$ cat data20.txt   # compact mmCIF, C-alpha atoms
# COMPACT_ATOMS: atom_id res chain seq x y z
CA MET L 1 0.00 0.00 0.00
CA GLY L 2 2.65 2.54 1.07
CA PHE L 3 1.90 6.18 0.30
CA GLU L 4 -0.45 5.47 -2.61
CA GLY L 5 -3.36 6.88 -0.61
CA LEU L 6 -1.99 10.27 -1.66
CA LEU L 7 -2.61 11.00 -5.34
CA GLY L 8 0.19 12.31 -7.54
CA ASN L 9 3.35 13.72 -5.90
CA GLN L 10 5.39 10.72 -7.03
CA ARG L 11 8.84 12.12 -6.26
CA LEU L 12 7.81 13.18 -2.75
CA LYS L 13 6.36 9.72 -2.07
CA GLU L 14 9.47 7.95 -3.36
CA ASN L 15 11.69 10.09 -1.14
CA LEU L 16 9.54 9.28 1.88
CA ARG L 17 9.53 5.55 1.10
CA THR L 18 13.31 5.59 0.93
CA SER L 19 13.90 7.61 4.09
CA VAL L 20 11.31 5.69 6.16
CA GLY L 21 12.59 2.36 4.83
CA ARG L 22 16.13 3.22 5.91
CA GLY L 23 14.98 4.47 9.31
CA HIS L 24 15.99 8.06 8.53
CA GLY L 25 12.91 9.74 9.99
CA SER L 26 13.06 13.37 11.11
CA HIS L 27 11.85 14.98 14.32
CA PHE L 28 10.09 17.77 12.44
CA TYR L 29 8.29 17.79 9.07
CA LEU L 30 6.74 20.84 7.48
CA ILE L 31 3.90 19.81 5.13
CA SER L 32 2.79 22.67 2.90
CA GLY L 33 0.25 23.19 0.15
CA PRO L 34 -2.97 25.11 -0.58
CA SER L 35 -6.28 24.17 0.99
CA GLY L 36 -7.44 20.84 -0.39
CA SER L 37 -3.97 19.73 -1.50
CA GLY L 38 -3.86 16.68 0.79
CA LYS L 39 -1.82 17.95 3.75
CA LYS L 40 -3.76 15.94 6.35
CA THR L 41 -3.77 12.84 4.14
CA LEU L 42 0.00 13.00 3.81
CA ALA L 43 0.44 13.69 7.54
CA ARG L 44 -1.58 10.60 8.48
CA LEU L 45 0.24 8.41 5.97
CA LEU L 46 3.60 9.64 7.24
CA ALA L 47 2.57 9.10 10.86
CA ALA L 48 1.40 5.59 10.00
CA ALA L 49 4.70 4.90 8.24
CA LEU L 50 6.71 6.08 11.26
CA LEU L 51 4.68 3.94 13.69
CA CYS L 52 4.06 0.86 11.50
CA LYS L 53 6.09 -2.31 12.24
CA GLU L 54 5.60 -4.05 8.89
CA SER L 55 8.16 -4.19 6.08
CA ASN L 56 6.21 -2.05 3.58
CA ARG L 57 5.45 1.00 5.66
CA PRO L 58 2.77 2.19 5.94
CA CYS L 59 1.05 -1.12 5.24
CA LEU L 60 -2.37 0.40 6.08
CA GLN L 61 -3.53 -3.09 7.07
CA CYS L 62 -2.14 -3.53 10.59
CA ASN L 63 -3.85 -2.33 13.74
CA VAL L 64 -1.36 0.52 14.14
CA CYS L 65 -1.99 1.92 10.64
CA ARG L 66 -5.75 1.60 10.97
CA LYS L 67 -5.69 3.50 14.25
CA VAL L 68 -3.57 6.30 12.83
CA MET L 69 -5.76 6.73 9.74
CA ALA L 70 -8.85 6.79 11.98
CA ASP L 71 -7.24 9.35 14.34
CA THR L 72 -7.58 6.96 17.30
CA HIS L 73 -3.94 6.05 17.95
CA PRO L 74 -2.91 7.36 21.42
CA ASP L 75 0.56 8.35 20.16
CA PHE L 76 -0.71 10.31 17.15
CA ILE L 77 -2.22 13.54 18.47
CA THR L 78 -3.88 16.31 16.45
CA VAL L 79 -3.44 19.87 17.73
CA GLN L 80 -5.95 22.47 16.53
CA ASP L 81 -8.44 25.00 17.85
CA PRO L 82 -11.24 25.75 15.35
CA GLU L 83 -12.48 28.67 17.46
CA HIS L 84 -9.30 30.67 16.79
CA LYS L 85 -7.44 31.66 13.63
CA ASN L 86 -4.12 30.58 15.15
CA ILE L 87 -3.48 27.89 17.73
CA PRO L 88 -3.22 29.64 21.13
CA VAL L 89 0.27 29.67 22.58
CA LYS L 90 -0.99 27.96 25.76
CA MET L 91 -1.86 24.87 23.68
CA ILE L 92 1.67 24.74 22.27
CA ARG L 93 3.13 25.07 25.76
CA GLN L 94 0.91 22.20 26.89
CA VAL L 95 2.09 20.09 23.93
CA ARG L 96 5.67 20.92 24.81
CA GLU L 97 5.17 19.57 28.33
CA GLU L 98 3.23 16.49 27.24
CA MET L 99 5.85 15.54 24.64
CA PHE L 100 8.17 14.53 27.50
CA ILE L 101 5.63 11.94 28.68
CA LEU L 102 6.69 8.63 27.11
CA PRO L 103 4.58 7.16 24.27
CA ASN L 104 1.67 4.93 25.28
CA GLU L 105 2.22 1.98 22.95
CA ALA L 106 4.59 2.97 20.13
CA ASP L 107 8.27 3.84 19.72
CA ARG L 108 7.39 7.38 18.71
CA LYS L 109 5.00 10.11 19.79
CA ILE L 110 3.71 12.25 16.92
CA TYR L 111 1.91 15.58 17.08
CA MET L 112 0.13 16.88 13.98
CA ILE L 113 -0.22 20.66 14.27
CA ALA L 114 -3.05 21.19 11.82
CA GLN L 115 -3.46 24.95 12.08
CA ASP L 116 -1.36 28.09 11.77
CA LEU L 117 0.83 29.28 14.62
CA GLY L 118 1.34 32.91 15.57
CA ILE L 119 4.82 34.26 16.30
CA GLU L 120 4.49 33.53 20.02
CA GLY L 121 3.32 29.99 19.32
CA GLN L 122 6.21 29.39 16.92
CA ASN L 123 8.70 30.57 19.54
CA ALA L 124 7.12 28.24 22.09
CA LEU L 125 7.42 25.33 19.64
CA LEU L 126 10.99 26.27 18.80
CA LYS L 127 12.11 25.53 22.34
CA ILE L 128 11.31 21.84 21.98
CA LEU L 129 12.45 21.64 18.35
CA GLU L 130 15.93 22.62 19.52
CA GLU L 131 16.15 19.61 21.87
CA PRO L 132 13.31 17.15 21.20
CA PRO L 133 13.13 13.79 22.97
CA SER L 134 14.44 10.92 20.86
CA TYR L 135 10.92 9.57 20.23
CA GLY L 136 9.26 12.94 19.46
CA VAL L 137 7.97 13.94 16.00
CA PHE L 138 6.11 17.08 14.90
CA LEU L 139 4.11 17.38 11.66
CA LEU L 140 3.34 21.04 11.04
CA LEU L 141 0.76 21.78 8.32
CA THR L 142 0.65 25.14 6.57
CA ASP L 143 -0.68 26.68 3.37
CA ASN L 144 2.29 29.06 3.24
CA PRO L 145 5.75 28.24 4.65
CA GLU L 146 6.66 31.94 4.45
CA LYS L 147 4.48 32.48 7.53
CA LEU L 148 7.05 30.63 9.62
CA LEU L 149 10.06 32.08 11.37
CA PRO L 150 13.38 31.21 9.66
CA THR L 151 14.55 29.64 12.92
CA VAL L 152 11.56 27.26 12.89
CA ARG L 153 11.74 26.50 9.19
CA SER L 154 15.46 25.73 9.30
CA ARG L 155 14.84 22.80 11.65
CA CYS L 156 12.34 20.97 9.46
CA VAL L 157 12.20 18.63 6.50
CA GLU L 158 9.94 20.40 4.01
CA LEU L 159 7.32 18.36 2.13
CA THR L 160 5.59 20.49 -0.51
CA LEU L 161 2.46 19.11 -2.17
CA GLN L 162 2.05 19.72 -5.90
CA ALA L 163 -1.02 20.20 -8.08
CA LEU L 164 -2.33 17.01 -9.71
CA PRO L 165 -2.43 16.30 -13.46
CA GLU L 166 -5.84 16.83 -15.05
CA ASP L 167 -6.31 13.15 -15.92
CA VAL L 168 -5.62 12.08 -12.31
CA LEU L 169 -8.11 14.64 -10.99
CA LYS L 170 -10.76 13.70 -13.53
CA THR L 171 -10.49 9.97 -12.71
CA ALA L 172 -10.76 10.64 -8.96
CA LEU L 173 -13.70 13.03 -9.32
CA LYS L 174 -15.62 10.77 -11.70
CA LYS L 175 -15.22 7.91 -9.22
CA GLU L 176 -16.51 9.95 -6.27
CA PHE L 177 -19.15 11.97 -8.16
CA PRO L 178 -20.51 9.59 -10.81
CA GLN L 179 -23.64 11.74 -11.19
CA ALA L 180 -21.66 14.88 -12.15
CA ASP L 181 -21.59 15.74 -15.86
CA ASP L 182 -18.36 16.39 -17.75
CA GLU L 183 -18.89 20.15 -17.79
CA ALA L 184 -19.24 20.30 -13.99
CA VAL L 185 -16.16 18.10 -13.47
CA ASN L 186 -14.07 20.15 -15.91
CA ALA L 187 -15.17 23.37 -14.22
CA ALA L 188 -14.26 22.02 -10.78
CA ILE L 189 -10.82 21.00 -12.06
CA TRP L 190 -10.25 24.40 -13.65
CA ARG L 191 -11.30 26.33 -10.54
CA SER L 192 -9.36 24.08 -8.15
CA GLY L 193 -5.95 24.87 -9.60
CA GLY L 194 -5.19 21.14 -9.63
CA TYR L 195 -5.97 20.29 -6.00
CA LEU L 196 -8.41 17.45 -5.35
CA GLY L 197 -9.88 18.74 -2.08
CA GLN L 198 -10.83 22.07 -3.65
CA ALA L 199 -12.34 20.37 -6.71
CA LYS L 200 -14.43 18.10 -4.46
CA THR L 201 -15.67 21.12 -2.51
CA PHE L 202 -16.85 22.85 -5.69
CA LEU L 203 -18.79 19.75 -6.76
CA GLU L 204 -20.24 19.23 -3.27
CA GLU L 205 -21.40 22.85 -3.13
CA GLY L 206 -23.12 22.36 -6.45
CA ASN L 207 -25.04 19.39 -5.01
CA ALA L 208 -25.96 21.02 -1.69
CA ILE L 209 -28.49 23.52 -3.01
CA SER L 210 -31.35 24.72 -0.80
CA PRO L 211 -34.93 25.20 -2.10
CA GLN L 212 -34.50 28.95 -1.54
CA THR L 213 -31.43 29.01 -3.80
CA GLN L 214 -33.23 27.01 -6.46
CA GLY L 215 -36.15 29.47 -6.24
CA PHE L 216 -33.79 32.44 -6.46
CA VAL L 217 -32.09 31.06 -9.57
CA LYS L 218 -35.44 30.36 -11.25
CA GLY L 219 -36.92 33.75 -10.36
CA PHE L 220 -33.86 35.82 -11.20
CA SER L 221 -32.96 34.00 -14.42
CA GLU L 222 -36.55 34.43 -15.65
CA SER L 223 -36.80 38.06 -14.38
CA ASN L 224 -39.83 36.94 -12.36
CA ALA L 225 -40.28 39.52 -9.56
CA LEU L 226 -43.21 37.62 -8.01
CA GLU L 227 -41.18 34.43 -7.70
CA LEU L 228 -38.36 36.35 -5.98
CA VAL L 229 -40.83 37.84 -3.49
CA GLN L 230 -42.22 34.37 -2.77
CA VAL L 231 -38.67 33.16 -2.06
CA LEU L 232 -37.66 36.13 0.10
CA CYS L 233 -40.80 36.61 2.21
CA PRO L 234 -40.44 33.36 4.25
CA MET L 235 -36.75 34.18 4.76
CA GLU L 236 -37.75 37.24 6.84
CA LYS L 237 -38.08 34.91 9.85
CA TRP L 238 -34.62 33.40 9.47
CA LYS L 239 -31.71 33.87 11.81
CA ARG L 240 -29.08 36.32 10.63
CA GLU L 241 -26.35 33.65 10.19
CA GLN L 242 -28.62 31.50 8.01
CA LEU L 243 -29.45 34.48 5.81
CA ILE L 244 -25.78 35.43 5.38
CA ASP L 245 -24.83 31.88 4.39
CA THR L 246 -27.58 31.74 1.78
CA LEU L 247 -26.82 35.17 0.32
CA GLN L 248 -23.15 34.23 0.02
CA GLN L 249 -24.17 31.09 -1.86
CA TRP L 250 -26.20 33.25 -4.25
CA ILE L 251 -23.19 35.54 -4.78
CA MET L 252 -21.01 32.52 -5.56
CA LEU L 253 -23.50 31.26 -8.16
CA LEU L 254 -23.73 34.68 -9.80
CA GLN L 255 -19.94 34.88 -9.96
CA GLN L 256 -19.83 31.45 -11.59
CA ALA L 257 -22.47 32.66 -14.04
CA LEU L 258 -20.19 35.56 -14.97
CA PHE L 259 -17.44 33.04 -15.71
CA CYS L 260 -19.87 31.30 -18.07
CA ARG L 261 -20.69 34.57 -19.80
CA ASN L 262 -16.95 35.01 -20.42
CA GLY L 263 -16.55 31.55 -21.92
CA MET L 264 -15.21 29.80 -18.81
CA PRO L 265 -16.72 26.60 -17.35
CA ALA L 266 -18.95 26.58 -14.26
CA ALA L 267 -19.29 23.61 -11.93
CA SER L 268 -22.95 24.30 -11.17
CA GLY L 269 -25.86 23.80 -13.54
CA LEU L 270 -27.65 26.59 -11.67
CA ALA L 271 -24.85 28.99 -12.59
CA ARG L 272 -25.25 28.01 -16.22
CA THR L 273 -28.99 28.72 -15.94
CA LEU L 274 -28.25 32.20 -14.59
CA ALA L 275 -25.74 32.84 -17.36
CA ALA L 276 -28.26 31.86 -20.01
CA GLY L 277 -31.03 34.00 -18.54
CA ARG L 278 -29.35 37.28 -17.65
CA SER L 279 -26.70 39.61 -19.08
CA SER L 280 -23.28 40.24 -17.56
CA GLN L 281 -24.48 43.66 -16.41
CA ASP L 282 -27.52 42.09 -14.69
CA LEU L 283 -25.28 39.58 -12.92
CA ASN L 284 -22.82 42.25 -11.80
CA ASP L 285 -25.64 44.45 -10.49
CA ALA L 286 -27.14 41.52 -8.55
CA ILE L 287 -23.76 40.65 -7.02
CA ARG L 288 -23.38 44.25 -5.80
CA GLN L 289 -26.89 44.25 -4.32
CA LEU L 290 -26.34 40.95 -2.53
CA GLN L 291 -22.95 42.06 -1.20
CA LYS L 292 -24.62 45.19 0.14
CA ALA L 293 -27.27 43.00 1.79
CA VAL L 294 -24.56 40.90 3.47
CA GLU L 295 -22.95 44.11 4.77
CA TYR L 296 -26.34 45.19 6.15
CA ALA L 297 -26.68 41.84 7.90
CA TYR L 298 -23.27 42.18 9.54
CA ALA L 299 -24.28 45.72 10.59
CA ASN L 300 -27.30 44.27 12.47
CA VAL L 301 -29.97 45.54 10.08
CA SER L 302 -33.06 43.39 10.65
CA VAL L 303 -33.44 40.27 8.50
CA ALA L 304 -36.95 41.34 7.46
CA ALA L 305 -35.66 44.72 6.24
CA ILE L 306 -32.86 43.05 4.26
CA CYS L 307 -35.28 40.65 2.57
CA GLY L 308 -37.57 43.57 1.72
CA TYR L 309 -34.65 45.49 0.26
CA LEU L 310 -33.62 42.52 -1.91
CA ALA L 311 -37.20 41.99 -3.16
CA TRP L 312 -37.04 45.56 -4.47
CA ALA L 313 -33.38 45.60 -5.63
CA LEU L 314 -33.50 42.28 -7.55
CA ARG L 315 -36.89 42.78 -9.20
$ encode --input "data20.txt" --output "structure tokens"
Amino acid sequence: MGFEGLLGNQRLKENLRTSVGRGHGSHFYLISGPSGSGKKTLARLLAAALLCKESNRPCLQCNVCRKVMADTHPDFITVQDPEHKNIPVKMIRQVREEMFILPNEADRKIYMIAQDLGIEGQNALLKILEEPPSYGVFLLLTDNPEKLLPTVRSRCVELTLQALPEDVLKTALKKEFPQADDEAVNAAIWRSGGYLGQAKTFLEEGNAISPQTQGFVKGFSESNALELVQVLCPMEKWKREQLIDTLQQWIMLLQQALFCRNGMPAASGLARTLAAGRSSQDLNDAIRQLQKAVEYAYANVSVAAICGYLAWALR
């Protein structure tokens, strides 16, 4: 099995197979790449390889590998705090202390830091990177290595994920989204920049369409003011967060429709409907009105007033 769970990136995978096979593991790996490039996938595979006892590491069949891939291995710990942009420094200090507690059942103890670190957090991590315990390993994930201090970056082995070839992406997407048509798949590939996770997100967003969004697309593409009022009136009772999410989805669809008007592919059939029904000027005007409505929502204007404004502005 090895590292084949990660698509593409053949040279990187070969280098890891060689170093892991020879027992040349590092104490600190920096895994970088844009959102959706496979950073967490690679981190789990690398952790499994470092902890696996079989000859072809990671075998992905033994109990150790299965635990790592399921995030249940006691010596593979994920560090993140979704409530904050950066991991708080107190969490890094706690990790630093806990690293000196011996592993539970493996020869190594691996921490996956799956979120950005501020300057203070990096300095706190640096203290243990300078003199880590023999069994300690850190996997630091980032979308931009330039965010890191030179003193931190100089102590790591850098693993940079590359964009995938179009044929590899298309095969993977067709397998996971058999219902998606070729135009939607090609649009997702084009918009993703070659990264599978981003392409999957574009296709998933196209499939997760609310009745309100479907009604908006139908009413706006047909210039049907009554239909738009019928969509917006029930939304007056929504919570502010729900309204903002929906309006942002409408903005995204209108932007995709503009791509279509300019000869570029769109992942969503609804975007293609908008492009066929309205001019570029109409789409641009609607985007501006919706963006203004989102600003009103963030400024605590009442949801009912915002819906009333949109019923007038989009008519």
$ closest_residue --input "data20.txt" --among "L:Leu50, L:Leu140, L:Cys59, L:Leu247" --to "His24 of chain L" --atoms "all atoms listed in the file"
L:Leu50
$ closest_residue --input "data20.txt" --among "L:Leu125, L:Leu254, L:Ile77, L:Leu117" --to "Pro145 of chain L" --atoms "all atoms listed in the file"
L:Leu117
$ closest_residue --input "data20.txt" --among "L:Gly219, L:Gly2, L:Gly136, L:Gly194" --to "Cys65 of chain L" --atoms "all atoms listed in the file"
L:Gly2
$ closest_residue --input "data20.txt" --among "L:Lys127, L:Pro234, L:Leu258, L:Asn15" --to "Ile287 of chain L" --atoms "only C-alpha atoms"
L:Leu258
$ closest_residue --input "data20.txt" --among "L:Arg57, L:Lys174, L:His73, L:Lys67" --to "Arg17 of chain L" --atoms "all atoms listed in the file"
L:Arg57
$ atom_distance --input "data20.txt" --atom1 "atom CA of Ile244 of chain L" --atom2 "atom CA of Glu204 of chain L"
19.2 Å
$ axis_aligned_box --input "data20.txt" --around "segment 20-33 of chain L" --padding-each-side "4 Å" --output "JSON"
{"center_x": 8.2, "center_y": 12.8, "center_z": 7.2, "size_x": 23.9, "size_y": 28.8, "size_z": 22.2}
$ residues_near_point --input "data20.txt" --point "(-20.5, 11.0, -4.6)" --cutoff "10 Å" --atoms "only C-alpha atoms" --output "list in words"
Leu173, Lys174, Lys175, Glu176, Phe177, Pro178, Gln179, Ala180, Lys200, Leu203, Glu204 and Asn207 of chain L
$ closest_residue --input "data20.txt" --among "L:Ser192, L:Gln249, L:Asn224, L:Asn104" --to "Phe76 of chain L" --atoms "only C-alpha atoms"
L:Asn104
$ residues_near_point --input "data20.txt" --point "(3.7, 31.2, 16.9)" --cutoff "10 Å" --atoms "only C-alpha atoms" --output "VMD selection string"
chain L and resid 86 to 89 92 116 to 126 147 to 149 152
$ atom_distance --input "data20.txt" --atom1 "atom CA of Arg11 of chain L" --atom2 "atom CA of Leu42 of chain L"
13.4 Å
$ closest_atom_pairs --input "data20.txt" --of "segment 161-279 of chain L" --to "segment 301-306 of chain L" --cutoff "9 Å" --atoms "all atoms listed in the file" --output "JSON lines"
{"residue": "L:Cys233", "atom": "CA", "partner": "L:Ala304", "partner_atom": "CA", "distance": 8.0}
{"residue": "L:Met235", "atom": "CA", "partner": "L:Ala304", "partner_atom": "CA", "distance": 7.7}
{"residue": "L:Glu236", "atom": "CA", "partner": "L:Ala304", "partner_atom": "CA", "distance": 4.2}
{"residue": "L:Lys237", "atom": "CA", "partner": "L:Ala304", "partner_atom": "CA", "distance": 7.0}
{"residue": "L:Trp238", "atom": "CA", "partner": "L:Val303", "partner_atom": "CA", "distance": 7.0}
{"residue": "L:Lys239", "atom": "CA", "partner": "L:Val303", "partner_atom": "CA", "distance": 7.4}
{"residue": "L:Arg240", "atom": "CA", "partner": "L:Val303", "partner_atom": "CA", "distance": 6.3}
{"residue": "L:Leu243", "atom": "CA", "partner": "L:Val303", "partner_atom": "CA", "distance": 7.5}
$ atom_distance --input "data20.txt" --atom1 "atom CA of Ala293 of chain L" --atom2 "atom CA of Leu253 of chain L"
15.8 Å
$ residues_around --input "data20.txt" --residues "Ala313 of chain L" --least-positions-apart "4" --cutoff "12 Å" --atoms "only C-alpha atoms" --output "list of chain:residue names"
L:Phe220, L:Ala225, L:Leu228, L:Val229, L:Leu232, L:Asp282, L:Asp285, L:Ala286, L:Ile287, L:Arg288, L:Gln289, L:Leu290, L:Gln291, L:Lys292, L:Ala293, L:Ile306, L:Cys307, L:Gly308, L:Tyr309
$ write_last_selection --input "data20.txt" --atoms "C-alpha atoms" --output "mmCIF file, in the coordinates of the input"
data_model
loop_
_atom_site.group_PDB
_atom_site.id
_atom_site.type_symbol
_atom_site.label_atom_id
_atom_site.label_comp_id
_atom_site.auth_asym_id
_atom_site.auth_seq_id
_atom_site.Cartn_x
_atom_site.Cartn_y
_atom_site.Cartn_z
ATOM 1 C CA PHE L 220 -33.860 35.820 -11.200
ATOM 2 C CA ALA L 225 -40.280 39.520 -9.560
ATOM 3 C CA LEU L 228 -38.360 36.350 -5.980
ATOM 4 C CA VAL L 229 -40.830 37.840 -3.490
ATOM 5 C CA LEU L 232 -37.660 36.130 0.100
ATOM 6 C CA ASP L 282 -27.520 42.090 -14.690
ATOM 7 C CA ASP L 285 -25.640 44.450 -10.490
ATOM 8 C CA ALA L 286 -27.140 41.520 -8.550
ATOM 9 C CA ILE L 287 -23.760 40.650 -7.020
ATOM 10 C CA ARG L 288 -23.380 44.250 -5.800
ATOM 11 C CA GLN L 289 -26.890 44.250 -4.320
ATOM 12 C CA LEU L 290 -26.340 40.950 -2.530
ATOM 13 C CA GLN L 291 -22.950 42.060 -1.200
ATOM 14 C CA LYS L 292 -24.620 45.190 0.140
ATOM 15 C CA ALA L 293 -27.270 43.000 1.790
ATOM 16 C CA ILE L 306 -32.860 43.050 4.260
ATOM 17 C CA CYS L 307 -35.280 40.650 2.570
ATOM 18 C CA GLY L 308 -37.570 43.570 1.720
ATOM 19 C CA TYR L 309 -34.650 45.490 0.260
#
$ residues_around --input "data20.txt" --residues "Asp143 of chain L" --least-positions-apart "4" --cutoff "8 Å" --atoms "all atoms listed in the file" --output "PyMOL selection string"
chain L and resi 32-35
$ write_last_selection --input "data20.txt" --atoms "C-alpha atoms" --output "short mmCIF file (atom, residue, chain, number, x, y, z; two decimals), in the coordinates of the input"
data_model
loop_
_atom_site.label_atom_id
_atom_site.label_comp_id
_atom_site.auth_asym_id
_atom_site.auth_seq_id
_atom_site.Cartn_x
_atom_site.Cartn_y
_atom_site.Cartn_z
CA SER L 32 2.79 22.67 2.90
CA GLY L 33 0.25 23.19 0.15
CA PRO L 34 -2.97 25.11 -0.58
CA SER L 35 -6.28 24.17 0.99
#
